[in-house]
Every structure is written in C-alpha cells, then in structure tokens.
>>> print(open('query-v9.cif').read())   # mmCIF, C-alpha atoms
data_start
#
loop_
_atom_site.label_atom_id
_atom_site.label_comp_id
_atom_site.auth_asym_id
_atom_site.auth_seq_id
_atom_site.Cartn_x
_atom_site.Cartn_y
_atom_site.Cartn_z
CA MET A 266 63.48 144.88 111.44
CA GLU A 267 61.26 141.95 110.71
CA VAL A 268 61.89 138.92 112.93
CA LYS A 269 60.47 135.40 112.75
CA CYS A 270 61.18 132.33 114.87
CA LEU A 271 61.10 129.19 112.73
CA GLU A 272 61.67 125.45 113.06
CA ILE A 273 64.07 123.79 110.64
CA ARG A 274 63.69 120.03 110.23
CA ASP A 275 65.71 117.49 108.27
CA ALA A 276 66.59 113.82 108.68
CA GLY A 277 67.10 113.47 112.44
CA THR A 278 67.30 117.25 112.80
CA PHE A 279 65.29 119.76 114.82
CA MET A 280 66.67 123.27 114.87
CA PRO A 281 64.94 126.44 116.09
CA VAL A 282 66.22 129.55 114.31
CA ILE A 283 65.70 133.29 114.44
CA ALA A 284 65.33 134.89 111.01
CA ILE A 285 65.76 138.62 110.51
CA ARG A 286 64.92 140.67 107.45
CA PRO A 287 66.95 143.88 107.88
CA VAL A 288 64.31 146.40 106.86
CA PRO A 289 64.57 149.57 108.93
CA VAL A 290 61.61 150.93 110.85
CA ASN A 291 63.31 154.19 111.79
CA GLU A 292 66.13 156.47 110.69
CA GLU A 293 68.57 155.08 113.23
CA GLN A 294 68.15 151.54 111.93
CA ARG A 295 68.35 152.73 108.31
CA TYR A 296 71.63 154.54 108.93
CA LEU A 297 73.24 151.62 110.74
CA LEU A 298 72.04 149.06 108.18
CA LEU A 299 73.40 151.20 105.35
CA ARG A 300 76.74 151.51 107.16
CA ASP A 301 76.84 147.72 107.47
CA GLY A 302 76.23 147.22 103.74
CA TYR A 303 72.51 146.46 103.66
CA SER A 304 70.25 148.35 101.27
CA GLY A 305 68.17 150.06 103.96
CA ALA A 306 65.20 149.73 101.59
CA ALA A 307 61.77 148.17 101.98
CA ASP A 308 62.53 145.65 99.22
CA GLU A 309 65.54 144.11 101.01
CA HIS A 310 65.89 140.44 100.02
CA CYS A 311 68.62 139.47 102.45
CA ILE A 312 67.71 137.26 105.41
CA ILE A 313 70.00 136.92 108.42
CA LEU A 314 69.58 133.47 109.93
CA ILE A 315 70.69 132.77 113.50
CA LYS A 316 70.86 129.33 115.07
CA THR A 317 69.60 129.39 118.63
CA GLN A 318 72.08 130.10 121.39
CA CYS A 319 74.19 131.88 118.74
CA ARG A 320 75.68 128.63 117.47
CA GLY A 321 75.94 130.08 113.98
CA VAL A 322 74.78 133.01 111.92
CA ALA A 323 74.85 133.86 108.21
CA TYR A 324 73.22 136.25 105.80
CA ASP A 325 74.42 134.24 102.79
CA PRO A 326 72.81 130.80 102.31
CA TYR A 327 76.12 129.57 100.88
CA ASP A 328 78.06 130.53 104.02
CA TRP A 329 77.15 127.66 106.35
CA PRO A 330 80.34 125.71 107.12
CA GLU A 331 78.81 122.94 109.23
CA ASN A 332 75.74 120.98 108.15
CA PRO A 333 75.67 122.91 104.87
CA ARG A 334 72.89 120.80 103.34
CA THR A 335 70.29 121.61 105.98
CA MET A 336 71.15 125.25 106.54
CA HIS A 337 71.82 126.07 102.88
CA HIS A 338 68.50 124.75 101.60
CA ALA A 339 66.48 126.07 104.54
CA HIS A 340 68.07 129.53 104.32
CA LYS A 341 67.42 129.82 100.56
CA TRP A 342 63.81 128.74 101.00
CA ILE A 343 63.20 131.12 103.92
CA ALA A 344 64.53 134.04 101.86
CA LYS A 345 62.35 133.11 98.89
CA GLN A 346 59.18 132.50 100.92
CA TRP A 347 59.65 135.21 103.59
CA ALA A 348 56.31 136.93 103.06
CA LEU A 349 54.41 133.65 103.48
CA LEU A 350 56.14 132.55 106.69
CA SER A 351 54.89 133.02 110.24
CA ASP A 352 56.41 132.36 113.64
CA GLY A 353 56.56 128.64 114.36
CA ASP A 354 56.44 127.51 110.72
CA VAL A 355 58.38 124.36 109.87
CA ILE A 356 60.93 124.33 107.07
CA ASP A 357 61.36 120.63 106.23
CA VAL A 358 64.47 120.21 104.09
CA GLU A 359 63.73 116.57 103.25
CA PHE A 360 60.34 117.62 101.88
CA LEU A 361 61.81 120.61 100.00
CA LEU A 362 64.27 118.24 98.31
CA GLU A 363 61.41 115.82 97.51
CA GLU A 364 62.92 113.07 99.63
CA THR A 365 59.65 112.61 101.54
CA ALA A 366 56.05 112.70 100.36
CA LYS A 367 54.70 115.01 103.04
CA PRO A 368 56.21 117.73 105.24
CA LYS A 369 56.96 117.17 108.89
CA ILE A 370 54.76 118.85 111.44
CA SER A 371 56.19 120.95 114.22
CA GLU A 372 57.87 119.06 117.02
CA ARG A 373 55.73 121.24 119.27
CA LEU A 374 52.62 119.50 117.87
CA GLU A 375 54.15 116.01 117.89
CA ARG A 376 54.34 116.19 121.68
CA LEU A 377 50.60 116.76 122.17
#
>>> encode(input="query-v9.cif", output="structure tokens")
Amino acid sequence: MEVKCLEIRDAGTFMPVIAIRPVPVNEEQRYLLLRDGYSGAADEHCIILIKTQCRGVAYDPYDWPENPRTMHHAHKWIAKQWALLSDGDVIDVEFLLEETAKPKISERLERL
C-alpha cells in the first residue's frame, strides 16, 4: 500500500488526512484487496481518503456527505496528482477552484 499524509486547506479550513493507494506489495495484500473489490494491480487509480481520528473515510470523491465541496475537490485532485504528491503537501481547494491567486502554505510553516 502507498500511504501519504496530506494537509487539506480551504476557506477557514485545515484538515490533515491520510491517503492510501491500495496497491499490494505482497500476495496477502493482493488477495484481500481483490476480495474487497479493488483491482490488485499496479495501475490502481482509486485513492482511499481518511480524515484524521477516523472522522470520515471514502474511496469515491463523490461520497463525502458533510463538507462535500472541500473533500470532493481535494479527493479528486489527490487521485489525479498522486504521483506528484509527497507527505505534508498542501491541497488548497480555494486555489484549485481559482478563488485565490496563490496557494496557501502549510499551517506547519505559518507557525515558524
């Protein structure tokens, strides 16, 4: 499995998330992922997004019942840009939707 910890930002929003790309690294993972409906292949495009403290989880960007704007747009972008993302990267929904001219920096850096 590939796992990344990311920071989602929006208007008045700071949300750490755990993102998982369910690509197996061994036969046990492959079997269990296949049984759960994932492809079990190296080209898997699905991203499982988990809000911290398990306050929500979805593998479908359209399946966020609360705060759908933030989570929907962030989830779609994370799935599309997965290979370019690293731990700690900021996904700024306002910037993605062209509501601001420049992306927010990490809250971690704002406190320095």
>>> resolve_selection(input="query-v9.cif", expression="the PyMOL selection byres ((chain A and resi 299-308) around 10)", output="list in words")
Arg286, Pro287, Val288, Pro289, Val290, Glu292, Gln294, Arg295, Tyr296, Leu297, Leu298, Glu309, His310 and Cys311 of chain A
>>> closest_atom_pairs(input="query-v9.cif", of="region 289-373 of chain A", to="region 270-277 of chain A", cutoff="10 Å", atoms="only C-alpha atoms", output="CSV")
residue,atom,partner,partner_atom,distance
A:Leu314,CA,A:Cys270,CA,9.8
A:Ile315,CA,A:Cys270,CA,9.6
A:Lys316,CA,A:Ile273,CA,9.8
A:Thr317,CA,A:Cys270,CA,9.7
A:Arg334,CA,A:Asp275,CA,9.3
A:Thr335,CA,A:Asp275,CA,6.6
A:Met336,CA,A:Ile273,CA,8.3
A:Ala339,CA,A:Ile273,CA,6.9
A:His340,CA,A:Ile273,CA,9.4
A:Ile343,CA,A:Leu271,CA,9.3
A:Leu350,CA,A:Leu271,CA,8.5
A:Ser351,CA,A:Leu271,CA,7.7
A:Asp352,CA,A:Cys270,CA,4.9
A:Gly353,CA,A:Leu271,CA,4.9
A:Asp354,CA,A:Leu271,CA,5.3
A:Val355,CA,A:Glu272,CA,4.7
A:Ile356,CA,A:Ile273,CA,4.8
A:Asp357,CA,A:Arg274,CA,4.7
A:Val358,CA,A:Asp275,CA,5.1
A:Glu359,CA,A:Asp275,CA,5.5
A:Phe360,CA,A:Asp275,CA,8.3
A:Leu361,CA,A:Asp275,CA,9.7
A:Glu364,CA,A:Ala276,CA,9.8
A:Pro368,CA,A:Arg274,CA,9.3
A:Lys369,CA,A:Arg274,CA,7.4
A:Ile370,CA,A:Arg274,CA,9.1
A:Ser371,CA,A:Glu272,CA,7.2
A:Glu372,CA,A:Glu272,CA,8.4
A:Arg373,CA,A:Glu272,CA,9.6
>>> closest_residue(input="query-v9.cif", among="A:Cys319, A:Asn291, A:Val282, A:Ile312", to="Ala348 (chain A)", atoms="only C-alpha atoms")
A:Ile312
>>> atom_distance(input="query-v9.cif", atom1="CA of Glu375 (chain A)", atom2="CA of Gln318 (chain A)")
23.1 Å
>>> atom_distance(input="query-v9.cif", atom1="CA of Tyr327 (chain A)", atom2="CA of Leu362 (chain A)")
16.6 Å
>>> atom_distance(input="query-v9.cif", atom1="CA of Arg376 (chain A)", atom2="CA of Ala284 (chain A)")
24.2 Å
>>> resolve_selection(input="query-v9.cif", expression="the PyMOL selection byres ((chain A and resi 323) around 6)", output="ChimeraX atom specification")
/A:313-314,322,324-325
>>> axis_aligned_box(input="query-v9.cif", around="region 329-344 of chain A", padding_each_side="6 Å", output="lines of an AutoDock Vina configuration file")
center_x = 71.8
center_y = 127.4
center_z = 104.9
size_x = 29.1
size_y = 25.2
size_z = 20.7
>>> resolve_selection(input="query-v9.cif", expression="the PyMOL selection byres ((chain A and resi 267) around 6)", output="JSON, numbers by chain")
{"A": [266, 268, 285, 286]}
>>> closest_residue(input="query-v9.cif", among="A:Arg320, A:Phe279, A:Pro326, A:Lys367", to="Lys345 (chain A)", atoms="all atoms listed in the file")
A:Pro326
>>> decode(input="query-v9.cif", residues="chain A", atoms="C-alpha atoms", output="PDB file, in the first residue's frame")
ATOM      1  CA  MET A 266       0.000   0.000   0.000  1.00  0.00           C
ATOM      2  CA  GLU A 267       1.122   3.511  -0.683  1.00  0.00           C
ATOM      3  CA  VAL A 268       0.328   5.976   2.109  1.00  0.00           C
ATOM      4  CA  LYS A 269       0.688   9.758   2.236  1.00  0.00           C
ATOM      5  CA  CYS A 270      -0.208  12.246   4.960  1.00  0.00           C
ATOM      6  CA  LEU A 271      -1.503  15.481   3.430  1.00  0.00           C
ATOM      7  CA  GLU A 272      -2.918  18.824   4.516  1.00  0.00           C
ATOM      8  CA  ILE A 273      -6.210  19.957   3.009  1.00  0.00           C
ATOM      9  CA  ARG A 274      -6.939  23.676   3.185  1.00  0.00           C
ATOM     10  CA  ASP A 275      -9.987  25.705   2.191  1.00  0.00           C
ATOM     11  CA  ALA A 276     -11.646  28.891   3.419  1.00  0.00           C
ATOM     12  CA  GLY A 277     -11.227  28.684   7.193  1.00  0.00           C
ATOM     13  CA  THR A 278     -10.345  25.001   6.933  1.00  0.00           C
ATOM     14  CA  PHE A 279      -7.299  22.993   7.994  1.00  0.00           C
ATOM     15  CA  MET A 280      -7.653  19.243   7.740  1.00  0.00           C
ATOM     16  CA  PRO A 281      -4.914  16.616   7.980  1.00  0.00           C
ATOM     17  CA  VAL A 282      -5.762  13.465   6.014  1.00  0.00           C
ATOM     18  CA  ILE A 283      -4.276  10.055   5.374  1.00  0.00           C
ATOM     19  CA  ALA A 284      -4.415   8.992   1.730  1.00  0.00           C
ATOM     20  CA  ILE A 285      -3.978   5.374   0.696  1.00  0.00           C
ATOM     21  CA  ARG A 286      -3.467   3.989  -2.780  1.00  0.00           C
ATOM     22  CA  PRO A 287      -4.411   0.300  -2.476  1.00  0.00           C
ATOM     23  CA  VAL A 288      -1.575  -1.212  -4.477  1.00  0.00           C
ATOM     24  CA  PRO A 289      -0.456  -4.520  -2.980  1.00  0.00           C
ATOM     25  CA  VAL A 290       3.154  -5.133  -2.027  1.00  0.00           C
ATOM     26  CA  ASN A 291       2.659  -8.833  -1.316  1.00  0.00           C
ATOM     27  CA  GLU A 292       0.343 -11.711  -2.141  1.00  0.00           C
ATOM     28  CA  GLU A 293      -1.627 -11.373   1.084  1.00  0.00           C
ATOM     29  CA  GLN A 294      -2.493  -7.749   0.348  1.00  0.00           C
ATOM     30  CA  ARG A 295      -3.314  -8.562  -3.289  1.00  0.00           C
ATOM     31  CA  TYR A 296      -5.738 -11.311  -2.280  1.00  0.00           C
ATOM     32  CA  LEU A 297      -7.509  -9.196   0.322  1.00  0.00           C
ATOM     33  CA  LEU A 298      -7.729  -6.150  -1.960  1.00  0.00           C
ATOM     34  CA  LEU A 299      -9.174  -8.280  -4.744  1.00  0.00           C
ATOM     35  CA  ARG A 300     -11.732  -9.747  -2.321  1.00  0.00           C
ATOM     36  CA  ASP A 301     -12.725  -6.208  -1.348  1.00  0.00           C
ATOM     37  CA  GLY A 302     -13.259  -5.162  -4.974  1.00  0.00           C
ATOM     38  CA  TYR A 303     -10.013  -3.344  -5.747  1.00  0.00           C
ATOM     39  CA  SER A 304      -8.049  -4.227  -8.867  1.00  0.00           C
ATOM     40  CA  GLY A 305      -4.973  -5.522  -7.039  1.00  0.00           C
ATOM     41  CA  ALA A 306      -2.913  -4.096  -9.907  1.00  0.00           C
ATOM     42  CA  ALA A 307      -0.026  -1.639 -10.023  1.00  0.00           C
ATOM     43  CA  ASP A 308      -2.104   0.819 -12.072  1.00  0.00           C
ATOM     44  CA  GLU A 309      -4.833   1.207  -9.420  1.00  0.00           C
ATOM     45  CA  HIS A 310      -6.369   4.699  -9.658  1.00  0.00           C
ATOM     46  CA  CYS A 311      -8.527   4.569  -6.549  1.00  0.00           C
ATOM     47  CA  ILE A 312      -7.479   6.630  -3.528  1.00  0.00           C
ATOM     48  CA  ILE A 313      -8.906   5.970  -0.074  1.00  0.00           C
ATOM     49  CA  LEU A 314      -9.016   9.215   1.871  1.00  0.00           C
ATOM     50  CA  ILE A 315      -9.296   9.184   5.671  1.00  0.00           C
ATOM     51  CA  LYS A 316      -9.935  12.234   7.807  1.00  0.00           C
ATOM     52  CA  THR A 317      -7.818  12.177  10.930  1.00  0.00           C
ATOM     53  CA  GLN A 318      -9.215  10.489  14.013  1.00  0.00           C
ATOM     54  CA  CYS A 319     -11.409   8.455  11.628  1.00  0.00           C
ATOM     55  CA  ARG A 320     -13.975  11.241  11.302  1.00  0.00           C
ATOM     56  CA  GLY A 321     -14.749  10.143   7.760  1.00  0.00           C
ATOM     57  CA  VAL A 322     -13.456   7.914   5.015  1.00  0.00           C
ATOM     58  CA  ALA A 323     -14.268   7.469   1.325  1.00  0.00           C
ATOM     59  CA  TYR A 324     -12.762   5.925  -1.763  1.00  0.00           C
ATOM     60  CA  ASP A 325     -15.181   7.800  -4.042  1.00  0.00           C
ATOM     61  CA  PRO A 326     -14.706  11.593  -4.262  1.00  0.00           C
ATOM     62  CA  TYR A 327     -18.475  11.939  -4.692  1.00  0.00           C
ATOM     63  CA  ASP A 328     -19.205  10.131  -1.412  1.00  0.00           C
ATOM     64  CA  TRP A 329     -18.491  12.886   1.122  1.00  0.00           C
ATOM     65  CA  PRO A 330     -21.761  13.715   2.902  1.00  0.00           C
ATOM     66  CA  GLU A 331     -20.508  16.587   5.066  1.00  0.00           C
ATOM     67  CA  ASN A 332     -18.442  19.454   3.692  1.00  0.00           C
ATOM     68  CA  PRO A 333     -18.730  17.988   0.190  1.00  0.00           C
ATOM     69  CA  ARG A 334     -17.095  20.961  -1.528  1.00  0.00           C
ATOM     70  CA  THR A 335     -13.772  20.681   0.295  1.00  0.00           C
ATOM     71  CA  MET A 336     -13.486  16.916   0.390  1.00  0.00           C
ATOM     72  CA  HIS A 337     -14.856  16.321  -3.111  1.00  0.00           C
ATOM     73  CA  HIS A 338     -12.443  18.684  -4.850  1.00  0.00           C
ATOM     74  CA  ALA A 339      -9.459  17.713  -2.705  1.00  0.00           C
ATOM     75  CA  HIS A 340     -10.092  13.980  -3.165  1.00  0.00           C
ATOM     76  CA  LYS A 341     -10.393  14.284  -6.959  1.00  0.00           C
ATOM     77  CA  TRP A 342      -7.204  16.326  -7.152  1.00  0.00           C
ATOM     78  CA  ILE A 343      -5.263  13.940  -4.897  1.00  0.00           C
ATOM     79  CA  ALA A 344      -6.275  10.985  -7.086  1.00  0.00           C
ATOM     80  CA  LYS A 345      -5.264  12.824 -10.259  1.00  0.00           C
ATOM     81  CA  GLN A 346      -1.946  14.118  -8.902  1.00  0.00           C
ATOM     82  CA  TRP A 347      -0.989  11.133  -6.708  1.00  0.00           C
ATOM     83  CA  ALA A 348       2.427  10.529  -8.249  1.00  0.00           C
ATOM     84  CA  LEU A 349       3.456  14.157  -7.699  1.00  0.00           C
ATOM     85  CA  LEU A 350       2.396  14.369  -4.046  1.00  0.00           C
ATOM     86  CA  SER A 351       4.607  13.918  -1.000  1.00  0.00           C
ATOM     87  CA  ASP A 352       3.911  13.743   2.716  1.00  0.00           C
ATOM     88  CA  GLY A 353       2.995  17.162   4.081  1.00  0.00           C
ATOM     89  CA  ASP A 354       1.871  18.645   0.760  1.00  0.00           C
ATOM     90  CA  VAL A 355      -0.973  21.161   0.912  1.00  0.00           C
ATOM     91  CA  ILE A 356      -4.086  20.732  -1.196  1.00  0.00           C
ATOM     92  CA  ASP A 357      -5.655  24.207  -1.273  1.00  0.00           C
ATOM     93  CA  VAL A 358      -9.217  23.924  -2.570  1.00  0.00           C
ATOM     94  CA  GLU A 359      -9.690  27.686  -2.905  1.00  0.00           C
ATOM     95  CA  PHE A 360      -6.622  27.824  -5.149  1.00  0.00           C
ATOM     96  CA  LEU A 361      -7.705  24.749  -7.149  1.00  0.00           C
ATOM     97  CA  LEU A 362     -11.052  26.445  -7.820  1.00  0.00           C
ATOM     98  CA  GLU A 363      -9.224  29.667  -8.797  1.00  0.00           C
ATOM     99  CA  GLU A 364     -10.785  31.620  -5.949  1.00  0.00           C
ATOM    100  CA  THR A 365      -7.368  32.817  -4.766  1.00  0.00           C
ATOM    101  CA  ALA A 366      -4.302  33.909  -6.706  1.00  0.00           C
ATOM    102  CA  LYS A 367      -1.747  31.834  -4.840  1.00  0.00           C
ATOM    103  CA  PRO A 368      -1.877  28.583  -2.862  1.00  0.00           C
ATOM    104  CA  LYS A 369      -1.767  28.513   0.909  1.00  0.00           C
ATOM    105  CA  ILE A 370       1.375  27.292   2.574  1.00  0.00           C
ATOM    106  CA  SER A 371       1.321  24.593   5.198  1.00  0.00           C
ATOM    107  CA  GLU A 372      -0.005  25.603   8.586  1.00  0.00           C
ATOM    108  CA  ARG A 373       3.140  23.929   9.893  1.00  0.00           C
ATOM    109  CA  LEU A 374       5.212  26.636   8.158  1.00  0.00           C
ATOM    110  CA  GLU A 375       2.895  29.504   9.119  1.00  0.00           C
ATOM    111  CA  ARG A 376       3.751  28.887  12.775  1.00  0.00           C
ATOM    112  CA  LEU A 377       7.512  29.388  12.312  1.00  0.00           C
TER     113      LEU A 377
END
